[in-house]
Amino acid sequence: MSYLVAISGSPSAESRSSTLTSYLQREAENKGVQVEEVSVLDFDPEVLIHGKYDHPSILEFTDKLKGANGVIIVSPVYKASYSGALKTLLDLLPQDILKNKPVFPLMVGGSGAHLLAIDYSLKPLLAALGAQTILKGVYLLDKYVDKADFENPINELEVQSRVTLQFNQLLEIASNLRSAAKSN
């Protein structure tokens with residue numbers, strides 16, 4: 001079975017990151033692609049803080065990622081970087097968990113001052129986890145994401161266009177990699 005994993009790195013239950021993650025899940029499913037949505041809030045804080053990499057919830061998450069054809073990661077910007085909760089979760093995963101998986105990073109921040117947070121903080125972390133195909137990514141300002149609009153939360157056309165373009169690239173790359181793996 002082919003599917004994507006969409007990870008929300010926000011420690012807030014109702015966040016722009018989780019809104020975007022759910023939106024992209026619906027978009028994928030509208031195209032016939034299954035998405036396993038995961039949030040840092042799905043994990044017991046004790047497991048994350050104490051680094052319990054062998055906890056059943058972490059092992060289940062690892063298995064989901066191993067079986068995925070692609071990954072979407074959405075994080076708020078905190079102190080010019082991704083959330084600490086996301087880092088704590090990703091630290092518990094095997095070193096090469098993202099090998100041979102395209103990754104679409106998105107970050108949501110309050111100002112344009114953190115525009116390079118994807119390139120300078122998130123992409124190096126993804127590369128450390130074995131990701132070789134990391135899409136350019138999209139940085140969205142808070143004001144462009146409407147948490148109350150579940151159907152179309154991105155309220156700026158140019159930003160919506162960039163998200164759609166890269167999302168479609170993710171689907172295409174994931175499909176091509178899946179086809180290549182089947183033929184080998």
# chains A, B, ... in the order shown; residues from 1 in each chain; ligands from 1
$ closest_atom_pairs --of "stretch 70-144 of chain A" --to "stretch 160-176 of chain A" --cutoff "7 Å" --atoms "only C-alpha atoms" --output "CSV"
residue,atom,partner,partner_atom,distance
A:Gly70,CA,A:Ala174,CA,5.6
A:Pro102,CA,A:Ala174,CA,6.4
A:Phe104,CA,A:Leu170,CA,6.6
A:Val138,CA,A:Val163,CA,6.5
$ select_by_dssp --residues "stretch 63-119 of chain A" --states "alpha helix (DSSP H)" --output "ChimeraX atom specification"
/A:63-67,84-91,117
$ closest_residue --among "A:Ile118, A:Leu89, A:Leu141, A:Val38" --to "A:Ser22" --atoms "only C-alpha atoms"
A:Val38
$ atom_distance --atom1 "atom CA of A:Thr62" --atom2 "atom CA of A:Arg178"
18.8 Å
$ residues_around --residues "A:Val145" --least-positions-apart "5" --cutoff "9 Å" --atoms "only C-alpha atoms" --output "list in words"
Arg16, Ser17, Thr19, Leu20, Val108, Leu140, Asn152, Pro153, Ile154, Asn155 and Glu156 of chain A
$ closest_atom_pairs --of "stretch 15-113 of chain A" --to "stretch 2-10 of chain A" --cutoff "8 Å" --atoms "only C-alpha atoms" --output "CSV"
residue,atom,partner,partner_atom,distance
A:Ser15,CA,A:Ser10,CA,6.8
A:Ser17,CA,A:Ser8,CA,5.9
A:Ser18,CA,A:Ser8,CA,5.4
A:Thr21,CA,A:Ser8,CA,6.1
A:Gln25,CA,A:Ala6,CA,7.1
A:Val33,CA,A:Tyr3,CA,6.1
A:Gln34,CA,A:Tyr3,CA,4.8
A:Val35,CA,A:Leu4,CA,4.7
A:Glu36,CA,A:Val5,CA,4.7
A:Glu37,CA,A:Ala6,CA,4.8
A:Val38,CA,A:Ile7,CA,4.8
A:Ser39,CA,A:Ser8,CA,4.6
A:Val40,CA,A:Gly9,CA,5.6
A:Leu41,CA,A:Ser10,CA,7.8
A:Lys64,CA,A:Val5,CA,7.3
A:Leu65,CA,A:Val5,CA,6.6
A:Gly67,CA,A:Ser2,CA,7.6
A:Ala68,CA,A:Leu4,CA,5.2
A:Asn69,CA,A:Leu4,CA,5.6
A:Gly70,CA,A:Leu4,CA,4.9
A:Val71,CA,A:Val5,CA,4.9
A:Ile72,CA,A:Ala6,CA,4.5
A:Ile73,CA,A:Ile7,CA,4.8
A:Val74,CA,A:Ser8,CA,5.1
A:Ser75,CA,A:Gly9,CA,4.6
A:Pro76,CA,A:Ser10,CA,6.1
A:Tyr82,CA,A:Gly9,CA,7.7
A:Ser83,CA,A:Gly9,CA,6.3
A:Ala85,CA,A:Gly9,CA,6.5
A:Leu86,CA,A:Gly9,CA,4.7
$ write_last_selection --atoms "C-alpha atoms" --output "PDB file, in the first residue's frame"
ATOM      1  CA  SER A  15      -2.541  25.595  15.330  1.00  0.00           C
ATOM      2  CA  SER A  17       0.562  23.893  11.444  1.00  0.00           C
ATOM      3  CA  SER A  18      -2.102  21.325  12.265  1.00  0.00           C
ATOM      4  CA  THR A  21      -1.358  19.307   7.840  1.00  0.00           C
ATOM      5  CA  GLN A  25      -4.144  15.336   3.972  1.00  0.00           C
ATOM      6  CA  VAL A  33      -3.467   9.173  -2.011  1.00  0.00           C
ATOM      7  CA  GLN A  34      -3.787   7.937   1.558  1.00  0.00           C
ATOM      8  CA  VAL A  35      -2.168  10.050   4.274  1.00  0.00           C
ATOM      9  CA  GLU A  36      -1.280   9.040   7.802  1.00  0.00           C
ATOM     10  CA  GLU A  37      -1.476  12.243   9.843  1.00  0.00           C
ATOM     11  CA  VAL A  38       0.735  12.408  12.935  1.00  0.00           C
ATOM     12  CA  SER A  39       1.137  15.181  15.480  1.00  0.00           C
ATOM     13  CA  VAL A  40       3.735  15.646  18.168  1.00  0.00           C
ATOM     14  CA  LEU A  41       0.703  15.773  20.472  1.00  0.00           C
ATOM     15  CA  LYS A  64       4.629   4.180   9.485  1.00  0.00           C
ATOM     16  CA  LEU A  65       7.547   6.220   8.207  1.00  0.00           C
ATOM     17  CA  GLY A  67       6.327   2.224   4.796  1.00  0.00           C
ATOM     18  CA  ALA A  68       5.611   5.734   3.523  1.00  0.00           C
ATOM     19  CA  ASN A  69       6.329   6.876  -0.014  1.00  0.00           C
ATOM     20  CA  GLY A  70       6.769  10.495   1.046  1.00  0.00           C
ATOM     21  CA  VAL A  71       6.643  12.814   4.035  1.00  0.00           C
ATOM     22  CA  ILE A  72       5.115  16.219   4.718  1.00  0.00           C
ATOM     23  CA  ILE A  73       6.490  18.097   7.722  1.00  0.00           C
ATOM     24  CA  VAL A  74       4.812  21.256   8.997  1.00  0.00           C
ATOM     25  CA  SER A  75       6.213  23.235  11.909  1.00  0.00           C
ATOM     26  CA  PRO A  76       5.710  26.614  13.493  1.00  0.00           C
ATOM     27  CA  TYR A  82      11.337  24.399  14.081  1.00  0.00           C
ATOM     28  CA  SER A  83       9.527  23.495  17.298  1.00  0.00           C
ATOM     29  CA  ALA A  85       8.606  19.177  20.247  1.00  0.00           C
ATOM     30  CA  LEU A  86       9.261  18.236  16.608  1.00  0.00           C
TER      31      LEU A  86
END
$ atom_distance --atom1 "atom CA of A:Ala117" --atom2 "atom CA of A:Val77"
7.5 Å
$ atom_distance --atom1 "atom CA of A:Pro56" --atom2 "atom CA of A:Glu29"
27.3 Å
